[in-house]
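Written out below as structure tokens is the structure these notes cover.
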Amino acid sequence: MGIFDIFGKNKKEEQAETPQMRMKRFSDKVIEDITNCYSSYDSSVSEGAIKLSKLDVTIRPMIYDIKDRMVTLGFKVASPQWDREIFEICSGFGNDTNAALGMAQGSFMFALMDAVTRLNTNDHPEAFESEFVGNKHRWKLYIGNILGVGGEDDNADLDTKMYWNVLKEQIAKRLGNQKMCYVKIFASNSGAGDAIGEVRINNLKSEELSRIVQDMTAKWTNTEFKSHKQFFLLKQEEETTLPYPYTEADIIRKTKWAMKIFEICLQEDKVEAYGDVLYSETKDDNLSAEFYRFIPEICAESAIELAYPETLDLGTGDKTSTCYKTQLYSYSIIHDTIFDTLEGNELDDPKNVRASYIYSSAIGSVASQAIEKGCKLEQLKELQFSINYNMGEDYIPR
């Protein structure tokens, strides 16, 4: 066999690589790269998850999309010290796939993992306080690096507190009784005047805070694309943390169960019994009310474009209390689980389940009435409305 035969064989083997093989190859590379990068934390791999023993953290990377010059990765980061998992998506661009992959991994490691490392090593926290339903909650704040891309920034010279100083009072209003909360900041300016700001608390977007960041980025003077990404992690002091009866895994499992029960009620034409079944199985007024009231509206919000408030008006008997969605520990978990379930294989007909939830929602009713009166879809965005969630007399925000 000659040298040209060898080259020809290698080329044929490369051409024969299937999309699944390619995905597996890059997935293995991501795991290997992160494991090696954090070897000082006693890193190991088990069933696709990276365990950092000295940091008490587990990282589960996922590849969402691979193109020749663009890669999108997902990361789930968890720790026994927390009461929720952190979810992050990172995209990278480069001259080839490897360069794009490296950029996406760097985005994860230099932004989120920097904050996670500070949190789980208790590295120079700042004291912070909030209030929820009459209870004071004390926090330790950990501010991560600002990851700057493009522009003329020197990352080392960036004031890591500049977003926190602007947002901290508004963030305090949006914290509840969670053990841990995470805030993600993303800011960008195209260099041609197109500014973007996005703030997420426990993966729920805050439109009000996003507008504040967008106003900040609109004042940048860059002439080429420039972006910032940063995380704030807040861990509540044990002395002010009130007990909550369920873990994140419990709520995820029960949310999936609630959606499956709804589908069974649809199949058996017994939707009117759905609420009673929820309570009979959960034996919990709070959780059954949250499933019954929140799931339809969350499905509707994703389908009908309106100006949704960040708050919830919760009716308990003849009283109404208002809180931010991010203050209820269960809300963001229920929110994310709904879409995981609709995209998974737990339901027989997820499209019908989603449509039926929307049909039963207050938002769906408002939109239908507006359209019947001649309102066009694009005009719905201008509607100002609020929903009073009748949670029952025994409901307690928690």
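The way I read the labels, and the way they are meant: chains A, B, ... in the order of the structure tokens, residue 1 as the first residue of every chain, and ligand 1 as the first ligand shown, with later ones counted on from there.
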
What parts of region 76-269 of chain A does DSSP call alpha helix (DSSP H)? I'd like the answer as JSON, numbers by chain. {"A": [97, 98, 99, 100, 101, 102, 103, 104, 105, 106, 107, 113, 114, 115, 116, 117, 118, 119, 120, 162, 163, 164, 165, 166, 167, 168, 169, 170, 171, 172, 173, 207, 208, 209, 210, 211, 212, 213, 214, 215, 216, 217, 248, 249, 250, 251, 252, 253, 254, 255, 256, 257, 258, 259, 260, 261, 262, 263, 264, 265, 266, 267]}

Which parts of region 113-227 of chain A does DSSP call strand (DSSP E or B) when run on the backbone here, written out as a PyMOL selection string? chain A and resi 126-132+135-143+147-150+180-189+195-201+204-205+226-227

I need the residue nearest Lys76 (chain A) from this list: A:Ile63, A:Ile185, A:Leu383, A:Ile251. Use only C-alpha atoms for the distance.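 Answer, going by the shortest atom-to-atom distance: A:Ile63.
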
Proximity to Thr35 (chain A) - best of A:Arg22, A:Asn345, A:Thr337, A:Pro61, only C-alpha atoms: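 Using only C-alpha atoms, Thr35 (chain A) sits closest to A:Pro61.
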
Using only C-alpha atoms, the residue out of A:Lys29, A:Lys381, A:Lys161, A:Lys67 with shortest distance to Gln105 (chain A) is A:Lys29

Could you give me, as a list in words, the residues within 7 Å of region 274-282 of chain A, counting only C-alpha atoms and dropping anything in the same chain fewer than 4 positions from it?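 Skipping anything fewer than 4 positions along the chain leaves Ala258, Phe262, Cys265, Ser288 and Tyr292 of chain A.
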
Residues at most 6 Å from region 212-223 of chain A, counting only C-alpha atoms, excluding those fewer than 4 positions away in the same chain, as a count of residues only? 5
